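Here is the file input.cif (mmCIF, C-alpha atoms and all ligand atoms).
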```cif
data_entry
#
loop_
_atom_site.label_atom_id
_atom_site.label_comp_id
_atom_site.auth_asym_id
_atom_site.auth_seq_id
_atom_site.Cartn_x
_atom_site.Cartn_y
_atom_site.Cartn_z
CA MET U 1 106.29 80.21 106.64
CA ALA U 2 105.23 81.84 109.88
CA THR U 3 101.53 81.97 110.48
CA ILE U 4 99.64 85.21 110.86
CA HIS U 5 98.30 85.84 114.34
CA THR U 6 98.45 89.54 115.17
CA PRO U 7 97.76 92.92 113.55
CA ALA U 8 101.52 93.46 113.32
CA ASP U 9 101.85 90.14 111.44
CA ILE U 10 99.19 91.29 108.97
CA LEU U 11 100.86 94.62 108.25
CA GLN U 12 104.34 93.12 107.91
CA THR U 13 103.19 90.21 105.75
CA PHE U 14 101.47 92.52 103.27
CA ALA U 15 104.42 94.94 103.32
CA ASN U 16 106.67 92.11 102.19
CA ILE U 17 104.56 90.79 99.32
CA ARG U 18 106.35 90.97 96.04
CA MET U 19 104.16 93.44 94.13
CA ALA U 20 106.13 94.67 91.14
CA PRO U 21 105.94 92.63 87.96
CA ALA U 22 109.12 91.25 86.42
CA GLY U 23 110.75 93.83 84.18
CA GLY U 24 110.51 96.88 86.39
CA GLY U 25 107.00 98.06 85.61
CA ARG U 26 104.93 99.62 88.32
CA ALA U 27 102.92 97.45 90.65
CA VAL U 28 99.18 97.82 90.28
CA HIS U 29 97.48 94.45 90.14
CA LYS U 30 98.11 93.09 93.61
CA PRO U 31 97.83 96.33 95.58
CA LEU U 32 94.59 97.27 93.83
CA LEU U 33 93.12 93.80 94.31
CA ILE U 34 93.95 93.80 98.03
CA LEU U 35 92.55 97.33 98.41
CA PHE U 36 89.45 96.31 96.48
CA TRP U 37 88.98 93.33 98.80
CA LEU U 38 89.47 95.48 101.90
CA GLY U 39 86.64 97.64 100.60
CA ARG U 40 84.40 94.58 100.27
CA LEU U 41 85.36 93.51 103.75
CA GLN U 42 84.53 96.92 105.22
CA SER U 43 81.11 96.59 103.57
CA ASN U 44 80.58 93.23 105.28
CA GLU U 45 80.60 91.31 102.04
CA PRO U 46 81.26 87.55 102.41
CA ARG U 47 84.85 86.29 102.55
CA THR U 48 84.84 84.93 99.01
CA ALA U 49 83.25 86.14 95.81
CA ALA U 50 83.01 84.65 92.35
CA PHE U 51 85.57 86.10 89.94
CA ALA U 52 82.79 86.66 87.43
CA ASP U 53 80.86 88.80 89.91
CA VAL U 54 83.70 91.18 90.80
CA GLU U 55 85.55 91.17 87.47
CA ALA U 56 83.88 94.26 86.01
CA ALA U 57 84.42 96.45 89.07
CA PHE U 58 88.05 95.36 89.38
CA LYS U 59 88.66 95.95 85.67
CA GLN U 60 87.29 99.48 86.07
CA LEU U 61 89.72 100.11 88.92
CA LEU U 62 92.65 98.91 86.80
CA THR U 63 91.50 101.10 83.92
CA GLU U 64 91.46 104.20 86.09
CA PHE U 65 94.54 103.69 88.21
CA GLY U 66 96.58 101.00 86.45
CA THR U 67 98.80 100.86 83.42
CA ALA U 68 97.26 100.82 79.96
CA SER U 69 97.73 97.06 79.68
CA ALA U 70 96.52 96.22 83.20
CA PRO U 71 92.79 95.65 82.55
CA ALA U 72 93.50 92.90 80.01
CA THR U 73 95.36 90.85 82.63
CA ARG U 74 92.92 91.39 85.50
CA GLN U 75 92.86 87.70 86.47
CA LEU U 76 96.59 87.56 87.25
CA PRO U 77 96.58 88.83 90.86
CA PHE U 78 93.72 86.47 91.77
CA TRP U 79 96.10 83.64 90.86
CA HIS U 80 99.48 84.97 91.94
CA LEU U 81 98.42 86.22 95.38
CA CYS U 82 97.81 82.57 96.29
CA ASN U 83 101.55 81.99 96.13
CA ASP U 84 102.53 84.89 98.40
CA ALA U 85 103.33 84.45 102.07
CA GLY U 86 103.35 80.68 101.77
CA GLY U 87 99.74 80.57 100.66
CA ASN U 88 98.58 82.07 103.94
CA ILE U 89 96.87 85.24 102.75
CA TRP U 90 94.76 84.48 99.69
CA GLN U 91 92.87 81.51 98.31
CA LEU U 92 91.09 80.40 95.19
CA GLU U 93 88.24 77.94 95.50
CA SER U 94 86.06 75.99 93.13
CA ALA U 95 82.38 76.87 92.87
CA GLY U 96 81.84 74.15 95.47
CA GLY U 97 84.33 75.66 97.94
CA ILE U 98 87.26 73.28 97.33
CA ALA U 99 90.70 74.94 97.45
CA ILE U 100 92.36 75.21 94.04
CA ALA U 101 96.11 74.56 93.72
CA THR U 102 97.82 77.37 91.85
CA GLN U 103 101.04 76.04 90.42
CA GLY U 104 102.40 77.35 87.16
CA PRO U 105 101.23 80.21 84.99
CA ALA U 106 97.80 81.76 85.49
CA PRO U 107 94.99 80.58 83.21
CA GLY U 108 93.04 83.04 81.08
CA VAL U 109 89.99 85.01 82.10
CA THR U 110 87.60 82.53 80.49
CA TRP U 111 88.80 79.70 82.74
CA PHE U 112 88.00 81.77 85.84
CA ARG U 113 84.51 82.45 84.53
CA ALA U 114 83.78 78.97 83.23
CA GLU U 115 84.92 77.23 86.42
CA GLY U 116 82.99 79.59 88.65
CA VAL U 117 86.22 80.31 90.53
CA ARG U 118 85.81 82.04 93.87
CA ALA U 119 88.50 84.12 95.59
CA GLY U 120 89.14 85.77 98.92
CA PHE U 121 91.50 86.30 101.81
CA ALA U 122 92.51 83.15 103.67
CA PRO U 123 90.12 82.55 106.59
CA ALA U 124 92.59 83.56 109.33
CA VAL U 125 93.49 86.82 107.57
CA ASP U 126 89.86 87.56 106.81
CA ALA U 127 88.92 86.99 110.45
CA LEU U 128 91.66 89.27 111.80
CA LEU U 129 90.79 92.10 109.40
CA ARG U 130 87.06 91.72 109.88
CA ALA U 131 87.39 91.91 113.65
CA ASP U 132 89.44 95.10 113.57
CA GLN U 133 88.31 98.02 111.42
CA ALA U 134 91.34 100.06 112.49
CA LEU U 135 93.66 97.32 111.22
CA CYS U 136 91.73 97.18 107.97
CA ALA U 137 92.13 100.96 107.47
CA SER U 138 95.79 100.86 108.51
CA LEU U 139 96.54 98.17 105.95
CA ALA U 140 94.71 100.16 103.28
CA ARG U 141 96.72 103.31 104.09
CA GLN U 142 99.95 101.30 104.10
CA LEU U 143 99.23 99.84 100.65
CA LEU U 144 98.27 103.23 99.22
CA GLN U 145 101.43 104.87 100.57
CA GLN U 146 103.62 102.02 99.39
CA HIS U 147 102.34 101.92 95.82
CA PHE U 148 100.66 105.18 94.78
CA PRO U 149 101.53 108.87 94.77
CA GLU U 150 99.79 111.07 97.29
CA THR U 151 97.77 112.75 94.52
CA LEU U 152 95.86 109.52 93.85
CA GLN U 153 95.50 107.90 97.28
CA VAL U 154 92.20 109.49 98.26
CA ASP U 155 90.73 109.00 94.80
CA ILE U 156 91.50 105.30 94.85
CA ALA U 157 89.98 104.92 98.31
CA THR U 158 86.89 106.85 97.25
CA GLN U 159 86.45 104.80 94.10
CA ILE U 160 86.61 101.58 96.13
CA GLY U 161 84.47 102.95 98.93
CA LEU U 162 87.25 102.44 101.48
CA ASP U 163 86.97 104.25 104.77
CA LEU U 164 90.46 105.39 105.79
CA ASN U 165 89.34 107.42 108.76
CA GLU U 166 89.62 104.71 111.36
CA PRO U 167 92.27 105.61 113.93
CA ALA U 168 95.76 104.26 113.38
CA ILE U 169 96.69 101.16 115.30
CA VAL U 170 99.82 100.94 117.38
CA ALA U 171 101.44 98.25 115.25
CA SER U 172 103.27 99.25 112.12
CA ALA U 173 105.29 97.43 109.53
CA THR U 174 108.86 97.95 108.44
CA LEU U 175 108.38 98.88 104.83
CA PRO U 176 110.96 97.88 102.26
CA GLY U 177 112.57 100.59 100.18
CA ARG U 178 113.98 104.06 100.65
CA ARG U 179 113.20 107.17 102.62
CA ARG U 180 111.89 110.23 100.85
CA ASP U 181 114.23 113.20 100.61
CA PRO U 182 112.45 116.07 102.39
CA ALA U 183 114.35 118.60 100.27
CA PHE U 184 113.09 117.19 96.97
CA ARG U 185 110.09 119.52 96.74
CA GLU U 186 112.12 122.64 97.40
CA ARG U 187 114.86 121.68 94.94
CA VAL U 188 112.38 120.98 92.16
CA LEU U 189 110.38 124.16 92.74
CA ARG U 190 113.59 126.18 92.69
CA ALA U 191 114.71 124.47 89.46
CA TYR U 192 111.47 125.64 87.86
CA GLU U 193 111.62 129.07 89.49
CA TYR U 194 108.48 128.41 91.52
CA ARG U 195 105.99 128.03 88.72
CA CYS U 196 104.00 125.22 87.13
CA CYS U 197 105.92 123.90 84.12
CA VAL U 198 102.63 123.40 82.27
CA CYS U 199 100.61 126.56 82.85
CA GLY U 200 103.03 128.90 84.64
CA PHE U 201 100.87 129.11 87.76
CA ASP U 202 103.02 130.88 90.39
CA LEU U 203 100.76 132.22 93.11
CA ARG U 204 102.48 133.15 96.35
CA ILE U 205 101.09 134.31 99.63
CA GLY U 206 103.95 136.12 101.30
CA ASN U 207 106.84 133.72 100.89
CA ILE U 208 104.67 130.62 100.56
CA SER U 209 104.07 129.06 97.16
CA ALA U 210 100.44 127.97 97.19
CA GLY U 211 99.13 125.08 95.14
CA LEU U 212 102.55 124.31 93.70
CA GLU U 213 104.01 120.81 94.01
CA ALA U 214 107.01 118.74 92.94
CA ALA U 215 105.80 115.89 90.75
CA HIS U 216 107.89 112.76 90.40
CA ILE U 217 108.04 111.68 86.75
CA GLN U 218 108.89 108.09 87.65
CA TRP U 219 106.93 107.59 90.84
CA PHE U 220 108.85 107.44 94.09
CA THR U 221 106.83 104.31 94.91
CA ALA U 222 108.19 102.75 91.70
CA ASP U 223 111.84 103.47 92.52
CA GLY U 224 111.90 106.94 90.94
CA PRO U 225 114.79 108.90 92.54
CA ASP U 226 114.45 112.22 94.37
CA VAL U 227 116.53 114.17 91.84
CA GLU U 228 115.67 117.30 89.87
CA SER U 229 115.81 115.47 86.54
CA ASN U 230 113.04 113.16 87.80
CA GLY U 231 110.92 116.07 89.00
CA MET U 232 108.76 118.77 87.51
CA ALA U 233 107.12 121.67 89.32
CA MET U 234 103.39 121.58 88.72
CA CYS U 235 100.29 123.21 90.12
CA SER U 236 98.00 120.84 92.03
CA LEU U 237 95.72 120.32 89.05
CA HIS U 238 98.44 119.50 86.54
CA HIS U 239 100.26 117.30 89.04
CA LYS U 240 97.13 115.27 89.60
CA ILE U 241 96.26 114.77 85.95
CA PHE U 242 99.93 114.00 85.18
CA ASP U 243 99.83 111.21 87.80
CA LEU U 244 96.53 110.00 86.33
CA GLY U 245 98.14 109.77 82.89
CA ALA U 246 96.08 112.50 81.21
CA PHE U 247 99.22 113.79 79.55
CA THR U 248 102.89 112.97 79.23
CA VAL U 249 106.00 114.80 78.04
CA GLU U 250 107.96 113.81 74.92
CA PRO U 251 111.66 113.30 75.69
CA ALA U 252 112.81 114.62 72.30
CA ASN U 253 111.50 118.17 72.62
CA LEU U 254 109.79 118.26 76.03
CA SER U 255 106.41 118.92 74.44
CA MET U 256 103.20 117.77 76.08
CA VAL U 257 100.97 115.08 74.60
CA PHE U 258 97.45 114.67 75.93
CA SER U 259 95.55 111.39 76.01
CA GLN U 260 92.71 110.48 73.68
CA ASN U 261 90.90 109.15 76.74
CA LEU U 262 90.00 112.52 78.22
CA GLN U 263 86.41 113.61 78.50
CA LEU U 264 86.17 117.38 78.41
CA GLY U 265 83.28 119.79 78.56
CA ASP U 266 83.37 123.01 76.56
CA ALA U 267 84.70 125.12 79.41
CA THR U 268 87.52 122.71 80.21
CA ARG U 269 88.45 121.70 76.68
CA SER U 270 90.03 124.95 75.54
CA ASN U 271 91.87 125.41 78.82
CA VAL U 272 93.33 121.91 79.14
CA LEU U 273 93.98 121.18 75.48
CA SER U 274 95.66 124.50 74.80
CA TYR U 275 98.81 122.87 76.23
CA HIS U 276 98.65 119.90 73.87
CA GLY U 277 101.73 120.05 71.64
CA ALA U 278 103.22 122.97 73.57
CA GLY U 279 106.59 122.69 75.28
CA ILE U 280 106.85 122.68 79.05
CA ILE U 281 108.31 125.77 80.69
CA ARG U 282 111.93 124.69 80.99
CA PRO U 283 113.85 124.59 84.26
CA GLN U 284 116.41 127.33 84.78
CA SER U 285 119.33 124.98 84.13
CA ALA U 286 119.51 122.31 81.44
CA ALA U 287 120.99 120.03 84.10
CA TYR U 288 117.54 119.89 85.72
CA ALA U 289 115.67 119.01 82.52
CA PRO U 290 113.58 115.84 82.70
CA GLN U 291 115.64 112.80 81.76
CA LYS U 292 114.52 110.56 78.95
CA ALA U 293 114.57 107.37 81.05
CA TYR U 294 112.06 108.82 83.52
CA LEU U 295 109.83 110.24 80.80
CA ASP U 296 109.89 106.89 79.01
CA TRP U 297 108.80 105.23 82.24
CA HIS U 298 105.91 107.68 82.61
CA ALA U 299 104.81 107.20 78.99
CA LYS U 300 104.80 103.43 79.42
CA GLU U 301 103.51 103.01 82.95
CA VAL U 302 101.22 105.97 83.60
CA PHE U 303 100.16 107.74 80.40
CA LYS U 304 96.71 106.68 79.16
CA ALA U 305 97.72 105.94 75.58
CA PRO U 306 97.01 106.67 72.80
CA GLY U 307 97.97 110.31 72.57
CA ARG U 308 96.08 112.89 70.53
CA ASP U 309 97.37 113.96 67.12
ZN ZN B 1 99.50 124.13 86.08
#
```
What's the structure tokens form of this structure?
Amino acid sequence: MATIHTPADILQTFANIRMAPAGGGRAVHKPLLILFWLGRLQSNEPRTAAFADVEAAFKQLLTEFGTASAPATRQLPFWHLCNDAGGNIWQLESAGGIAIATQGPAPGVTWFRAEGVRAGFAPAVDALLRADQALCASLARQLLQQHFPETLQVDIATQIGLDLNEPAIVASATLPGRRRDPAFRERVLRAYEYRCCVCGFDLRIGNISAGLEAAHIQWFTADGPDVESNGMAMCSLHHKIFDLGAFTVEPANLSMVFSQNLQLGDATRSNVLSYHGAGIIRPQSAAYAPQKAYLDWHAKEVFKAPGRD
């Protein structure tokens, strides 16, 4: 395994980490842990921290931006990151600072607590990132773009306290995966006749649709294709809460199901929940209707189950 010497090495090494879990689910654990640690680093926290001390904050992050099952397995990325990039980016240490070997399956949460396990970037990676705030911000932006839809990137950074405003550095990584189709937005908006499929919002200023977006059902960052049947036209608000898992769409009848995990004040409740159980506004051709496979992915990977009655 090549060692990591330069900013370009850092960006490329993290771009190549295997993030997605086996079985095709969306990747949340490793990207969120690395982002979380970049936030600590920007705040000049020490290189390592005890699992027990950061567990609650990381669990909260997984609850808000991860899959429904993610918080229960919060210790996994602390273990598995040790085995990426030949062990050169992340380390676990005993309470006394001795490196822990991480062969085999990850132990449970209680082991991490009981042993006083400490975790952090490997010293060389920590030193490079700590010396270069622009690199730190560039890596954070790269991870956000690689693993999360645009609707959530700023929210995740804000929640972690990450500063993304450092200037870009010259180096950049070759990211695995596909290019976005620039025509996707227009094709999806046309399929839905330029209105939000939830609320019908269709404001235009001249010829410009304002506040209307093409939502991927299965995220582009999770291999969701740029096709109409994986897209729905939504206003900015509904797009955002769809990506946050506040509601999902039933494949059988294309009706909307809202999560039991929403907190709503009086003014918001009647507005938001009036769509619960209602059908989406259908696209103009049945060929564009959301496909079951994509909706199933959204229900499993994004929706904050359980749904309301
Ligand atoms: Zn809407």
Can you pull out every residue with an atom within 10 Å of ligand ZN 1 (chain B)? Use all atoms listed in the file and format it as a PyMOL selection string.
chain U and resi 195-202+211-213+233-241+272+275
Please provide the set of residues having any atom within 8 Å of U:Asp84, restricted to only C-alpha atoms, with same-chain residues fewer than 5 positions apart removed, written as number ranges by chain.
U: 17-18, 89-90
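The shortest atom-to-atom distance to U:Glu186, with only C-alpha atoms taken into account, belongs to U:Met232 out of U:Met232, U:Asp155, U:Asn165, U:Ala127.
Between atom CA of U:Phe303 and atom CA of U:Gln218 there is a distance of 11.4 Å.
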Selection as a ChimeraX atom specification: residues within 9 Å of (89.5, 102.0, 97.8), counting all atoms listed in the file:
/U:32,35-39,140,144,153-164
